[in-house]
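Have a look at data_22.csv; it's CSV, C-alpha atoms:
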```csv
chain,number,residue,atom,x,y,z
R,1,MET,CA,11.5,-2.0,-25.4
R,2,ASP,CA,15.0,-2.3,-24.0
R,3,ILE,CA,15.3,1.0,-22.1
R,4,PHE,CA,19.1,1.1,-21.7
R,5,LYS,CA,19.8,0.1,-25.4
R,6,GLN,CA,17.3,2.8,-26.6
R,7,ALA,CA,19.0,5.4,-24.3
R,8,ARG,CA,22.4,4.5,-25.8
R,9,ARG,CA,21.2,4.8,-29.3
R,10,SER,CA,19.4,8.1,-28.6
R,11,ALA,CA,22.5,9.4,-26.9
R,12,LYS,CA,24.7,8.5,-29.8
R,13,ALA,CA,22.3,10.3,-32.2
R,14,ALA,CA,22.2,13.4,-30.0
R,15,ILE,CA,26.0,13.6,-29.8
R,16,THR,CA,26.3,13.2,-33.5
R,17,ARG,CA,24.0,16.1,-34.2
R,18,GLN,CA,25.8,18.2,-31.6
R,19,ASN,CA,29.2,17.6,-33.1
R,20,ASN,CA,27.9,18.3,-36.6
R,21,TRP,CA,26.4,21.6,-35.3
R,22,ILE,CA,29.7,22.6,-33.7
R,23,GLN,CA,31.6,21.9,-36.9
R,24,ASP,CA,29.2,24.0,-38.9
R,25,ASN,CA,29.4,26.9,-36.4
R,26,ILE,CA,32.9,26.6,-35.2
R,27,SER,CA,33.5,30.3,-35.9
R,28,LEU,CA,31.1,31.3,-33.3
R,29,PRO,CA,32.4,32.2,-29.8
R,30,ASP,CA,32.3,29.5,-27.2
R,31,GLU,CA,29.9,31.3,-24.9
R,32,HIS,CA,27.4,31.9,-27.8
R,33,GLN,CA,27.5,28.2,-28.7
R,34,LEU,CA,26.8,27.2,-25.1
R,35,ARG,CA,23.9,29.7,-24.8
R,36,VAL,CA,22.3,28.6,-28.1
R,37,ARG,CA,22.6,24.9,-27.2
R,38,ARG,CA,21.1,25.6,-23.8
R,39,GLU,CA,18.1,27.4,-25.4
R,40,VAL,CA,17.5,24.5,-27.8
R,41,LEU,CA,17.7,21.9,-25.1
R,42,GLN,CA,15.4,23.9,-22.8
R,43,ALA,CA,12.9,24.3,-25.6
R,44,ALA,CA,12.9,20.5,-26.3
R,45,TYR,CA,12.4,19.8,-22.6
R,46,ASP,CA,9.5,22.3,-22.4
R,47,LYS,CA,7.9,20.5,-25.3
R,48,TYR,CA,8.2,17.2,-23.5
R,49,THR,CA,6.4,18.5,-20.4
R,50,GLU,CA,3.6,19.8,-22.6
R,51,SER,CA,3.1,16.6,-24.6
R,52,GLN,CA,4.5,13.1,-24.5
R,53,ASP,CA,4.0,12.9,-28.3
R,54,GLU,CA,7.1,15.1,-28.7
R,55,ILE,CA,9.3,12.5,-27.1
R,56,ASP,CA,7.8,9.7,-29.2
R,57,ASN,CA,8.6,11.8,-32.4
R,58,LEU,CA,12.1,12.4,-31.1
R,59,LEU,CA,12.6,8.6,-30.6
R,60,CYS,CA,11.4,8.0,-34.1
R,61,GLU,CA,13.8,10.6,-35.4
R,62,ASP,CA,16.7,8.9,-33.5
R,63,SER,CA,15.8,5.5,-35.0
R,64,ALA,CA,16.1,7.0,-38.4
R,65,VAL,CA,19.5,8.5,-37.6
R,66,VAL,CA,21.0,5.4,-35.9
R,67,ASP,CA,20.9,2.0,-37.5
R,68,SER,CA,19.5,-0.5,-35.0
R,69,GLU,CA,21.8,-3.2,-36.3
R,70,ASP,CA,24.9,-1.1,-36.1
R,71,CYS,CA,25.0,0.7,-32.8
R,72,ASN,CA,28.5,1.4,-31.7
R,73,SER,CA,29.3,2.6,-28.1
R,74,VAL,CA,28.7,6.2,-27.2
R,75,GLU,CA,32.4,6.6,-26.3
R,76,ASP,CA,33.4,6.2,-29.9
R,77,ILE,CA,31.9,9.6,-30.8
R,78,SER,CA,31.7,11.6,-27.7
R,79,PRO,CA,34.8,13.7,-26.7
R,80,VAL,CA,34.3,12.4,-23.2
R,81,GLN,CA,33.3,9.1,-21.7
R,82,ILE,CA,29.6,9.0,-21.1
R,83,PRO,CA,28.4,7.1,-18.0
R,84,SER,CA,26.3,4.2,-19.1
R,85,PRO,CA,22.7,4.2,-17.7
R,86,GLU,CA,23.1,0.6,-16.5
R,87,LYS,CA,25.9,1.7,-14.2
R,88,ASP,CA,24.2,4.9,-13.0
R,89,LEU,CA,23.8,3.9,-9.4
R,90,ARG,CA,21.9,7.1,-8.5
R,91,MET,CA,19.1,6.4,-11.0
R,92,SER,CA,19.1,2.6,-11.4
R,93,THR,CA,19.9,0.9,-8.1
R,94,LYS,CA,17.6,-2.1,-7.6
R,95,ARG,CA,16.9,-2.6,-3.9
R,96,SER,CA,14.3,-4.8,-2.1
R,97,SER,CA,11.4,-5.8,-4.4
R,98,ILE,CA,8.1,-4.0,-4.0
R,99,LYS,CA,6.4,-7.4,-4.6
R,100,ALA,CA,7.6,-8.4,-1.1
R,101,CYS,CA,4.8,-6.2,0.5
R,102,PHE,CA,2.2,-8.4,-1.3
R,103,THR,CA,3.5,-11.7,0.3
R,104,GLY,CA,0.6,-11.9,2.8
R,105,ASN,CA,-2.0,-11.4,0.0
R,106,ILE,CA,-0.4,-14.1,-2.1
R,107,ILE,CA,-0.3,-16.7,0.8
R,108,THR,CA,-4.0,-15.9,1.8
R,109,LEU,CA,-5.2,-16.1,-1.8
R,110,LYS,CA,-3.5,-19.4,-2.4
R,111,ILE,CA,-5.2,-20.9,0.7
R,112,ILE,CA,-8.7,-19.8,-0.6
R,113,SER,CA,-8.0,-20.9,-4.2
R,114,LEU,CA,-7.7,-17.5,-5.7
R,115,TYR,CA,-4.0,-17.5,-6.7
R,116,PRO,CA,-2.2,-20.2,-8.8
R,117,LEU,CA,0.3,-22.5,-7.1
R,118,GLU,CA,4.0,-22.5,-8.2
R,119,SER,CA,4.1,-26.3,-8.1
R,120,HIS,CA,1.3,-28.6,-9.4
R,121,SER,CA,-0.2,-25.7,-11.3
R,122,TRP,CA,-2.6,-28.1,-13.1
R,123,LEU,CA,-4.4,-28.5,-9.7
R,124,PHE,CA,-5.4,-24.9,-9.6
R,125,LYS,CA,-8.4,-24.9,-11.9
R,126,PRO,CA,-10.1,-28.0,-10.5
R,127,TYR,CA,-9.4,-26.7,-6.9
R,128,THR,CA,-10.7,-23.2,-7.5
R,129,TRP,CA,-13.9,-24.2,-9.3
R,130,PHE,CA,-14.6,-26.9,-6.7
R,131,CYS,CA,-14.3,-24.2,-3.9
R,132,LEU,CA,-16.6,-21.9,-5.9
R,133,ILE,CA,-19.3,-24.5,-6.5
R,134,VAL,CA,-19.2,-26.1,-3.1
R,135,PHE,CA,-18.4,-23.3,-0.7
R,136,MET,CA,-19.4,-20.0,-2.3
R,137,VAL,CA,-22.6,-20.7,-4.3
R,138,PRO,CA,-24.9,-22.8,-2.1
R,139,ILE,CA,-25.1,-20.6,1.0
R,140,PRO,CA,-26.3,-17.4,-0.6
R,141,VAL,CA,-28.6,-19.3,-3.1
R,142,LEU,CA,-30.3,-21.3,-0.3
R,143,SER,CA,-30.6,-18.2,1.9
R,144,ILE,CA,-32.2,-16.1,-0.8
R,145,TYR,CA,-34.6,-18.8,-1.7
R,146,ASN,CA,-35.5,-19.3,2.0
R,147,ILE,CA,-36.4,-15.6,2.2
R,148,TRP,CA,-38.3,-15.7,-1.0
R,149,ILE,CA,-40.6,-18.5,0.0
R,150,ALA,CA,-41.2,-17.2,3.6
R,151,ASP,CA,-44.4,-15.5,4.7
R,152,PRO,CA,-44.3,-11.7,5.0
R,153,VAL,CA,-44.1,-11.9,8.8
R,154,GLU,CA,-41.4,-14.5,8.8
R,155,ARG,CA,-39.5,-12.8,6.0
R,156,ILE,CA,-38.5,-9.9,8.2
R,157,LYS,CA,-37.1,-12.3,10.8
R,158,LYS,CA,-35.2,-14.3,8.2
R,159,MET,CA,-33.5,-11.1,6.8
R,160,GLN,CA,-31.4,-10.5,9.9
R,161,ASN,CA,-28.3,-11.8,8.0
R,162,ILE,CA,-29.2,-10.1,4.7
R,163,PHE,CA,-26.0,-8.0,4.6
R,164,LEU,CA,-23.8,-11.0,5.0
R,165,VAL,CA,-25.9,-12.9,2.3
R,166,MET,CA,-25.5,-9.9,0.0
R,167,GLU,CA,-21.7,-10.0,0.5
R,168,LEU,CA,-21.5,-13.7,-0.1
R,169,THR,CA,-23.7,-13.3,-3.3
R,170,ALA,CA,-21.5,-10.5,-4.6
R,171,GLN,CA,-18.4,-12.6,-4.1
R,172,ILE,CA,-19.6,-15.2,-6.6
R,173,PHE,CA,-19.0,-12.6,-9.3
R,174,LYS,CA,-16.4,-10.4,-7.5
R,175,PHE,CA,-13.6,-13.0,-7.6
R,176,LEU,CA,-14.4,-14.5,-11.0
R,177,PRO,CA,-11.4,-12.7,-12.5
R,178,PHE,CA,-9.1,-14.5,-10.0
R,179,LYS,CA,-10.5,-17.8,-11.1
R,180,MET,CA,-10.9,-17.2,-14.9
R,181,HIS,CA,-7.6,-15.4,-15.4
R,182,PRO,CA,-5.1,-16.8,-12.9
R,183,GLU,CA,-2.1,-16.1,-15.1
R,184,GLY,CA,-3.2,-12.5,-15.5
R,185,VAL,CA,-3.5,-12.1,-11.7
R,186,LYS,CA,-0.1,-13.7,-11.2
R,187,LYS,CA,1.5,-11.4,-13.8
R,188,SER,CA,-0.1,-8.3,-12.2
R,189,LEU,CA,1.9,-9.1,-9.1
R,190,GLU,CA,5.1,-10.4,-10.8
R,191,MET,CA,5.4,-7.0,-12.5
R,192,TRP,CA,6.3,-5.5,-9.1
R,193,ASP,CA,9.4,-7.7,-9.1
R,194,SER,CA,10.7,-6.2,-12.3
R,195,ASP,CA,13.6,-3.7,-12.6
R,196,ILE,CA,11.3,-1.1,-14.1
R,197,PHE,CA,9.5,-0.6,-10.8
R,198,ASN,CA,12.4,-1.3,-8.5
R,199,SER,CA,15.1,1.0,-9.8
R,200,TYR,CA,15.2,4.2,-7.8
R,201,SER,CA,17.7,6.5,-6.3
R,202,LYS,CA,18.7,6.7,-2.6
R,203,GLU,CA,16.7,9.8,-2.2
R,204,ASP,CA,13.6,8.0,-3.4
R,205,GLU,CA,14.2,4.8,-1.3
R,206,LYS,CA,12.6,6.3,1.7
R,207,ILE,CA,9.3,7.0,-0.2
R,208,VAL,CA,9.2,3.4,-1.5
R,209,THR,CA,10.1,1.9,1.9
R,210,ASN,CA,7.4,3.9,3.7
R,211,ALA,CA,4.8,2.9,1.1
R,212,MET,CA,5.7,-0.8,1.5
R,213,ARG,CA,5.5,-0.5,5.3
R,214,ASN,CA,2.2,1.4,5.2
R,215,TYR,CA,0.6,-1.2,2.9
R,216,LYS,CA,1.8,-4.1,5.1
R,217,ILE,CA,0.2,-2.4,8.1
R,218,LEU,CA,-3.0,-1.9,6.2
R,219,PHE,CA,-3.1,-5.6,5.1
R,220,ASN,CA,-2.4,-6.9,8.6
R,221,VAL,CA,-5.0,-4.7,10.3
R,222,THR,CA,-7.6,-5.7,7.6
R,223,LEU,CA,-6.8,-9.4,7.7
R,224,TYR,CA,-6.6,-9.8,11.5
R,225,GLY,CA,-9.6,-7.6,12.0
R,226,SER,CA,-11.6,-9.7,9.6
R,227,LEU,CA,-10.5,-12.9,11.3
R,228,LEU,CA,-11.3,-11.5,14.7
R,229,SER,CA,-14.8,-10.6,13.5
R,230,PHE,CA,-15.2,-14.1,12.1
R,231,SER,CA,-14.2,-15.6,15.5
R,232,PHE,CA,-16.8,-13.5,17.3
R,233,TYR,CA,-19.3,-14.6,14.7
R,234,ILE,CA,-18.5,-18.3,15.5
R,235,LEU,CA,-18.6,-17.7,19.3
R,236,SER,CA,-22.0,-16.0,19.1
R,237,VAL,CA,-23.5,-19.0,17.4
R,238,THR,CA,-21.7,-21.6,19.4
R,239,PHE,CA,-22.7,-20.2,22.8
R,240,SER,CA,-26.2,-19.1,21.8
R,241,PRO,CA,-28.8,-20.2,24.5
R,242,ILE,CA,-30.9,-21.8,21.8
R,243,ARG,CA,-29.7,-23.9,18.8
R,244,VAL,CA,-29.8,-21.8,15.7
R,245,MET,CA,-28.2,-22.0,12.2
R,246,PRO,CA,-25.3,-19.6,11.6
R,247,ILE,CA,-27.2,-18.3,8.5
R,248,ASP,CA,-30.9,-19.1,8.0
R,249,ILE,CA,-31.0,-21.2,4.8
R,250,TRP,CA,-33.6,-23.4,3.2
R,251,LEU,CA,-33.2,-27.1,4.0
R,252,PRO,CA,-35.5,-30.0,2.9
R,253,PHE,CA,-35.2,-31.4,6.5
R,254,ASP,CA,-35.0,-30.2,10.1
R,255,ALA,CA,-31.3,-30.0,10.9
R,256,LEU,CA,-31.7,-28.7,14.5
R,257,ASN,CA,-33.0,-31.9,16.0
R,258,ASN,CA,-30.0,-34.0,14.9
R,259,THR,CA,-26.7,-33.0,16.6
R,260,LEU,CA,-24.4,-34.6,14.0
R,261,ILE,CA,-26.2,-33.0,11.0
R,262,TYR,CA,-26.4,-29.7,12.8
R,263,THR,CA,-22.6,-29.7,13.6
R,264,ALA,CA,-21.7,-30.7,10.0
R,265,LEU,CA,-23.9,-27.9,8.6
R,266,CYS,CA,-22.4,-25.3,11.0
R,267,ILE,CA,-18.9,-26.3,9.9
R,268,PHE,CA,-19.9,-26.1,6.3
R,269,VAL,CA,-21.4,-22.6,6.8
R,270,TYR,CA,-18.3,-21.5,8.8
R,271,VAL,CA,-16.0,-22.6,5.9
R,272,SER,CA,-18.1,-20.7,3.4
R,273,VAL,CA,-18.1,-17.5,5.5
R,274,TYR,CA,-14.3,-17.9,6.2
R,275,GLN,CA,-13.8,-18.1,2.4
R,276,GLY,CA,-15.6,-14.8,2.0
R,277,CYS,CA,-13.9,-13.2,5.0
R,278,ALA,CA,-10.3,-14.1,3.9
R,279,ALA,CA,-11.1,-13.3,0.2
R,280,ASN,CA,-12.3,-9.8,1.1
R,281,ALA,CA,-9.4,-9.1,3.3
R,282,ALA,CA,-6.8,-10.3,0.8
R,283,GLY,CA,-8.5,-9.3,-2.4
R,284,ASP,CA,-9.7,-5.8,-1.5
R,285,THR,CA,-6.4,-4.8,0.0
R,286,LEU,CA,-4.6,-6.2,-3.0
R,287,LEU,CA,-6.4,-3.9,-5.4
R,288,MET,CA,-5.9,-1.0,-3.0
R,289,GLY,CA,-2.2,-1.8,-2.8
R,290,ILE,CA,-1.7,-2.1,-6.5
R,291,THR,CA,-3.4,1.3,-7.0
R,292,TYR,CA,-1.3,2.8,-4.1
R,293,GLN,CA,2.0,1.5,-5.4
R,294,SER,CA,1.2,2.7,-8.9
R,295,ALA,CA,0.6,6.2,-7.6
R,296,ILE,CA,3.9,6.0,-5.7
R,297,GLN,CA,5.7,5.3,-9.0
R,298,ILE,CA,4.1,8.4,-10.5
R,299,ILE,CA,5.3,10.5,-7.6
R,300,LEU,CA,8.8,9.2,-8.1
R,301,LEU,CA,8.7,10.1,-11.8
R,302,LYS,CA,7.5,13.6,-10.8
R,303,ARG,CA,10.4,14.0,-8.4
R,304,ARG,CA,12.9,12.9,-11.0
R,305,PHE,CA,11.8,15.5,-13.5
R,306,MET,CA,11.6,18.2,-10.8
R,307,CYS,CA,15.2,17.4,-9.8
R,308,LEU,CA,16.4,16.6,-13.3
R,309,ASN,CA,18.9,19.5,-13.5
R,310,GLU,CA,20.2,18.9,-10.0
R,311,ASN,CA,20.7,15.2,-10.7
R,312,VAL,CA,22.5,15.8,-14.0
R,313,ASP,CA,24.8,18.4,-12.4
R,314,ASN,CA,25.7,15.9,-9.7
R,315,GLU,CA,26.5,13.2,-12.3
R,316,ILE,CA,28.7,15.7,-14.2
R,317,ARG,CA,30.7,16.4,-11.1
R,318,ARG,CA,31.1,12.7,-10.4
R,319,HIS,CA,32.4,11.8,-13.9
R,320,CYS,CA,34.2,14.9,-15.1
R,321,ASP,CA,37.7,16.2,-14.2
R,322,GLU,CA,38.9,19.8,-14.1
R,323,SER,CA,40.7,19.6,-17.4
R,324,MET,CA,37.4,19.0,-19.4
R,325,ASP,CA,36.6,22.0,-21.6
R,326,LYS,CA,33.2,23.7,-21.5
R,327,ILE,CA,32.0,22.3,-24.8
R,328,SER,CA,32.7,18.7,-23.7
R,329,LYS,CA,31.0,19.3,-20.4
R,330,GLN,CA,27.9,20.7,-22.1
R,331,ASN,CA,27.9,17.8,-24.5
R,332,LEU,CA,27.9,15.4,-21.5
R,333,ARG,CA,25.2,17.4,-19.9
R,334,ASP,CA,23.0,17.3,-23.0
R,335,VAL,CA,23.4,13.6,-23.3
R,336,LEU,CA,22.6,12.9,-19.7
R,337,VAL,CA,19.5,15.0,-19.8
R,338,TYR,CA,18.4,13.2,-22.9
R,339,GLN,CA,19.1,9.8,-21.3
R,340,TYR,CA,17.1,10.7,-18.2
R,341,ILE,CA,14.1,11.9,-20.3
R,342,VAL,CA,14.1,8.8,-22.5
R,343,LYS,CA,14.5,6.4,-19.6
R,344,ASN,CA,11.8,8.0,-17.4
R,345,THR,CA,9.4,8.3,-20.4
R,346,ALA,CA,9.8,4.6,-20.9
R,347,ILE,CA,9.0,4.0,-17.2
R,348,TYR,CA,5.9,6.2,-17.5
R,349,ASN,CA,4.8,4.2,-20.5
R,350,GLU,CA,5.2,1.0,-18.6
R,351,ILE,CA,3.2,2.3,-15.6
R,352,ASN,CA,0.5,3.6,-17.9
R,353,GLY,CA,0.2,0.3,-19.7
R,354,TYR,CA,0.2,-1.6,-16.4
R,355,VAL,CA,-2.6,0.5,-15.0
R,356,LYS,CA,-4.7,-0.1,-18.1
R,357,GLU,CA,-4.2,-3.9,-17.8
R,358,ILE,CA,-5.2,-3.7,-14.2
R,359,GLU,CA,-8.4,-1.8,-15.0
R,360,LYS,CA,-9.3,-4.4,-17.6
R,361,LEU,CA,-8.5,-7.4,-15.5
R,362,TYR,CA,-10.1,-6.3,-12.2
R,363,SER,CA,-13.0,-4.3,-13.6
R,364,LEU,CA,-15.7,-6.8,-12.5
R,365,THR,CA,-14.1,-7.0,-9.0
R,366,PHE,CA,-14.2,-3.2,-8.6
R,367,PHE,CA,-17.8,-3.0,-9.9
R,368,SER,CA,-19.1,-5.9,-7.6
R,369,GLN,CA,-17.5,-4.3,-4.6
R,370,LEU,CA,-19.1,-0.9,-5.3
R,371,LEU,CA,-22.5,-2.6,-5.6
R,372,VAL,CA,-22.1,-4.2,-2.2
R,373,ARG,CA,-21.0,-1.0,-0.5
R,374,LYS,CA,-23.9,0.8,-2.1
R,375,GLY,CA,-26.3,-1.8,-0.8
R,376,ASP,CA,-24.8,-1.5,2.7
```
Any chance you could put this one into C-alpha cells?
Amino acid sequence: MDIFKQARRSAKAAITRQNNWIQDNISLPDEHQLRVRREVLQAAYDKYTESQDEIDNLLCEDSAVVDSEDCNSVEDISPVQIPSPEKDLRMSTKRSSIKACFTGNIITLKIISLYPLESHSWLFKPYTWFCLIVFMVPIPVLSIYNIWIADPVERIKKMQNIFLVMELTAQIFKFLPFKMHPEGVKKSLEMWDSDIFNSYSKEDEKIVTNAMRNYKILFNVTLYGSLLSFSFYILSVTFSPIRVMPIDIWLPFDALNNTLIYTALCIFVYVSVYQGCAANAAGDTLLMGITYQSAIQIILLKRRFMCLNENVDNEIRRHCDESMDKISKQNLRDVLVYQYIVKNTAIYNEINGYVKEIEKLYSLTFFSQLLVRKGD
C-alpha cells in the first residue's frame, strides 16, 4: 500500500465531510462548531487507541468516498494549503539506513556460506551445501559415533568435548533456514534499508542512532570474543605436550603416528569449528539485532502517538499565517491528525507483518539454539 497516496486520499475525504458538515450547520456559532468537531475527532482517536480495526474501517469508508482513479490534490478542496506528507521533514526525513548496522553480520555470513552473494548468485547454493556436507556434518557425526562404540570406561574420557559436539550438531539444523531460504534471509535484511523503517523525526534520530551503535558494539564483542576463544582452542591443541586430536573422532586408521595426516586432520577440524564459531557469532547476533531494531520501531510509534497533538500544533504554526481563520486552522489540524494516524498505522502494519515473517523464517534457528542452551 502506498502510504502517502492513501494519506492524501484519506485527507481529501476528511476535508470533504468537514466542509459538508459546516455548510449544513452554518448557523451555529463558530465556537460551538469548533467544540463539536474537537469532540468528534477526539472520540475517533480514542477508538483508534482501543482497536486498530476502527482505523481499518475508516480507511474502507474513505475508499468508498474517494474514487481511487480520480484523486485530485487536497489543495483543490481545502480552504488552506495542506502540507504534503512526502514533504513533512519532521515526520518523514530519511537518514542513515538501519541496515548499515548489520554490515558486519552480512560480511561474516557471506564468508561462511550463509548469505547469498550479490554477484555470481548461482554459486551460492553449490557453495553453501558443499560447506554443510564437508565441514559441518562429518565432525559431529564421527564424534558421536566414536562415543557410542567406546567402552563405558573410555566413554567418559571421550565425552570431554561433548558440549562442543552438541553445538556443532545443533548447527546442522540451526542454519538450515539460511541455506534453504537465502532470498528470504536477504529480504529480511533489505527491509531495513526501506523508507518505512528509516523515516523518523529529528527527535527520534537519537534513539535510532543509539540503537545502531549499541548493536554494533554487541556484534563486535561477540565476534571478536568468539574468535579469541577459537584462537585459544587452537593454541591449546598445538602446544599440547602430547599429540592429540582437537576433537576425539572415529577414524578407520591411526592418524597420530603420521605427521602429514595428523596436520591435515587438525586443519580440517579447525575449519569446521571456525565455521560454527563464526556462524554463532554472526547468526545469533543477527536474530537478536532484528528483534531489537523491531522493538525500537514500536517505541518510535509509541512516541509519535504520545506526542501527536504537540507535533500537529508545531506543523500548524509552521504552515499557517496570522490571517487564517479558526475554522480553516481547525480543518488543517483535523487533516494533519488524520494523516499522522493513517501513516503510523500503516507503519505498524508493516512492522507487524515483518515480525511475523521473521518468526516463520527463523523458527528452526530459534528452536535449535534453545535446545543447545538447555543442554548446556
Spatial neighbours of region 176-178 of chain R, 10 Å, all atoms listed in the file, chain gap at least 4 places, as a ChimeraX atom specification: /R:109,113-116,128-129,132,171-172,182-186,283,360-365
Would you write out those residues with C-alpha atoms, as a CSV table (one decimal), keeping the file's coordinate frame?
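So the final result, stored in part-v4.csv, reads:
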```csv
chain,number,residue,atom,x,y,z
R,109,LEU,CA,-5.2,-16.1,-1.8
R,113,SER,CA,-8.0,-20.9,-4.2
R,114,LEU,CA,-7.7,-17.5,-5.7
R,115,TYR,CA,-4.0,-17.5,-6.7
R,116,PRO,CA,-2.2,-20.2,-8.8
R,128,THR,CA,-10.7,-23.2,-7.5
R,129,TRP,CA,-13.9,-24.2,-9.3
R,132,LEU,CA,-16.6,-21.9,-5.9
R,171,GLN,CA,-18.4,-12.6,-4.1
R,172,ILE,CA,-19.6,-15.2,-6.6
R,182,PRO,CA,-5.1,-16.8,-12.9
R,183,GLU,CA,-2.1,-16.1,-15.1
R,184,GLY,CA,-3.2,-12.5,-15.5
R,185,VAL,CA,-3.5,-12.1,-11.7
R,186,LYS,CA,-0.1,-13.7,-11.2
R,283,GLY,CA,-8.5,-9.3,-2.4
R,360,LYS,CA,-9.3,-4.4,-17.6
R,361,LEU,CA,-8.5,-7.4,-15.5
R,362,TYR,CA,-10.1,-6.3,-12.2
R,363,SER,CA,-13.0,-4.3,-13.6
R,364,LEU,CA,-15.7,-6.8,-12.5
R,365,THR,CA,-14.1,-7.0,-9.0
```
For region 357-359 of chain R, please output as a list of chain:residue names all residues within 9 Å (counting all atoms listed in the file; exclusion window: fewer than 6 positions along the same chain).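 In the requested form, the answer reads R:Gly184, R:Val185, R:Ser188, R:Leu287, R:Ile290, R:Thr291, R:Phe366.
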Let me see the file: selected residues, C-alpha atoms, as an mmCIF file, keeping the file's coordinate frame.
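See again.cif below for the written result:
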```cif
data_model
loop_
_atom_site.group_PDB
_atom_site.id
_atom_site.type_symbol
_atom_site.label_atom_id
_atom_site.label_comp_id
_atom_site.auth_asym_id
_atom_site.auth_seq_id
_atom_site.Cartn_x
_atom_site.Cartn_y
_atom_site.Cartn_z
ATOM 1 C CA GLY R 184 -3.200 -12.500 -15.500
ATOM 2 C CA VAL R 185 -3.500 -12.100 -11.700
ATOM 3 C CA SER R 188 -0.100 -8.300 -12.200
ATOM 4 C CA LEU R 287 -6.400 -3.900 -5.400
ATOM 5 C CA ILE R 290 -1.700 -2.100 -6.500
ATOM 6 C CA THR R 291 -3.400 1.300 -7.000
ATOM 7 C CA PHE R 366 -14.200 -3.200 -8.600
#
```
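A straight line drawn from CA of Trp122 (chain R) to CA of Asn280 (chain R) is 25.1 Å long.
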Compile the contact shell of Cys307 (chain R) as a PyMOL selection string: residues with an atom at most 12 Å away, counting all atoms listed in the file, same-chain residues fewer than 2 positions apart removed. chain R and resi 91+201+203-204+300-305+309-314+337+340-341
Two-atom distance - CA of Arg317 (chain R), CA of Glu205 (chain R) (Å):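 Separation of CA of Arg317 (chain R) and CA of Glu205 (chain R): 22.4 Å.
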Restricting the calculation to all atoms listed in the file: of R:Ile144, R:Ile207, R:Leu117, R:Leu223, which residue gets closest to Gly276 (chain R)? R:Leu223
Mind rebuilding region 334-345 of chain R with N, CA, C and O atoms and writing that out as a PDB file, in the coordinates of the input?
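Heads up, here's the output in part_1.pdb:
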```pdb
ATOM      1  N   ASP R 334      24.083  17.526 -22.040  1.00  0.00           N
ATOM      2  CA  ASP R 334      23.000  17.300 -23.000  1.00  0.00           C
ATOM      3  C   ASP R 334      22.620  15.844 -23.100  1.00  0.00           C
ATOM      4  O   ASP R 334      21.444  15.476 -23.125  1.00  0.00           O
ATOM      5  N   VAL R 335      23.658  15.010 -23.174  1.00  0.00           N
ATOM      6  CA  VAL R 335      23.400  13.600 -23.300  1.00  0.00           C
ATOM      7  C   VAL R 335      22.753  13.006 -22.072  1.00  0.00           C
ATOM      8  O   VAL R 335      21.806  12.217 -22.156  1.00  0.00           O
ATOM      9  N   LEU R 336      23.224  13.409 -20.893  1.00  0.00           N
ATOM     10  CA  LEU R 336      22.600  12.900 -19.700  1.00  0.00           C
ATOM     11  C   LEU R 336      21.175  13.333 -19.514  1.00  0.00           C
ATOM     12  O   LEU R 336      20.322  12.539 -19.105  1.00  0.00           O
ATOM     13  N   VAL R 337      20.885  14.575 -19.845  1.00  0.00           N
ATOM     14  CA  VAL R 337      19.500  15.000 -19.800  1.00  0.00           C
ATOM     15  C   VAL R 337      18.630  14.222 -20.716  1.00  0.00           C
ATOM     16  O   VAL R 337      17.523  13.793 -20.361  1.00  0.00           O
ATOM     17  N   TYR R 338      19.146  13.996 -21.923  1.00  0.00           N
ATOM     18  CA  TYR R 338      18.400  13.200 -22.900  1.00  0.00           C
ATOM     19  C   TYR R 338      18.162  11.794 -22.420  1.00  0.00           C
ATOM     20  O   TYR R 338      17.073  11.220 -22.566  1.00  0.00           O
ATOM     21  N   GLN R 339      19.192  11.184 -21.846  1.00  0.00           N
ATOM     22  CA  GLN R 339      19.100   9.800 -21.300  1.00  0.00           C
ATOM     23  C   GLN R 339      18.022   9.759 -20.219  1.00  0.00           C
ATOM     24  O   GLN R 339      17.209   8.831 -20.170  1.00  0.00           O
ATOM     25  N   TYR R 340      18.041  10.729 -19.310  1.00  0.00           N
ATOM     26  CA  TYR R 340      17.100  10.700 -18.200  1.00  0.00           C
ATOM     27  C   TYR R 340      15.660  10.845 -18.741  1.00  0.00           C
ATOM     28  O   TYR R 340      14.760  10.174 -18.267  1.00  0.00           O
ATOM     29  N   ILE R 341      15.464  11.711 -19.732  1.00  0.00           N
ATOM     30  CA  ILE R 341      14.100  11.900 -20.300  1.00  0.00           C
ATOM     31  C   ILE R 341      13.648  10.621 -20.973  1.00  0.00           C
ATOM     32  O   ILE R 341      12.512  10.179 -20.778  1.00  0.00           O
ATOM     33  N   VAL R 342      14.518  10.013 -21.791  1.00  0.00           N
ATOM     34  CA  VAL R 342      14.100   8.800 -22.500  1.00  0.00           C
ATOM     35  C   VAL R 342      13.819   7.670 -21.515  1.00  0.00           C
ATOM     36  O   VAL R 342      12.799   6.975 -21.643  1.00  0.00           O
ATOM     37  N   LYS R 343      14.671   7.493 -20.530  1.00  0.00           N
ATOM     38  CA  LYS R 343      14.500   6.400 -19.600  1.00  0.00           C
ATOM     39  C   LYS R 343      13.185   6.587 -18.780  1.00  0.00           C
ATOM     40  O   LYS R 343      12.385   5.656 -18.656  1.00  0.00           O
ATOM     41  N   ASN R 344      12.954   7.783 -18.255  1.00  0.00           N
ATOM     42  CA  ASN R 344      11.800   8.000 -17.400  1.00  0.00           C
ATOM     43  C   ASN R 344      10.494   8.049 -18.243  1.00  0.00           C
ATOM     44  O   ASN R 344       9.421   7.736 -17.737  1.00  0.00           O
ATOM     45  N   THR R 345      10.601   8.424 -19.511  1.00  0.00           N
ATOM     46  CA  THR R 345       9.400   8.300 -20.400  1.00  0.00           C
ATOM     47  C   THR R 345       9.055   6.870 -20.601  1.00  0.00           C
ATOM     48  O   THR R 345       7.868   6.518 -20.604  1.00  0.00           O
TER      49      THR R 345
END
```
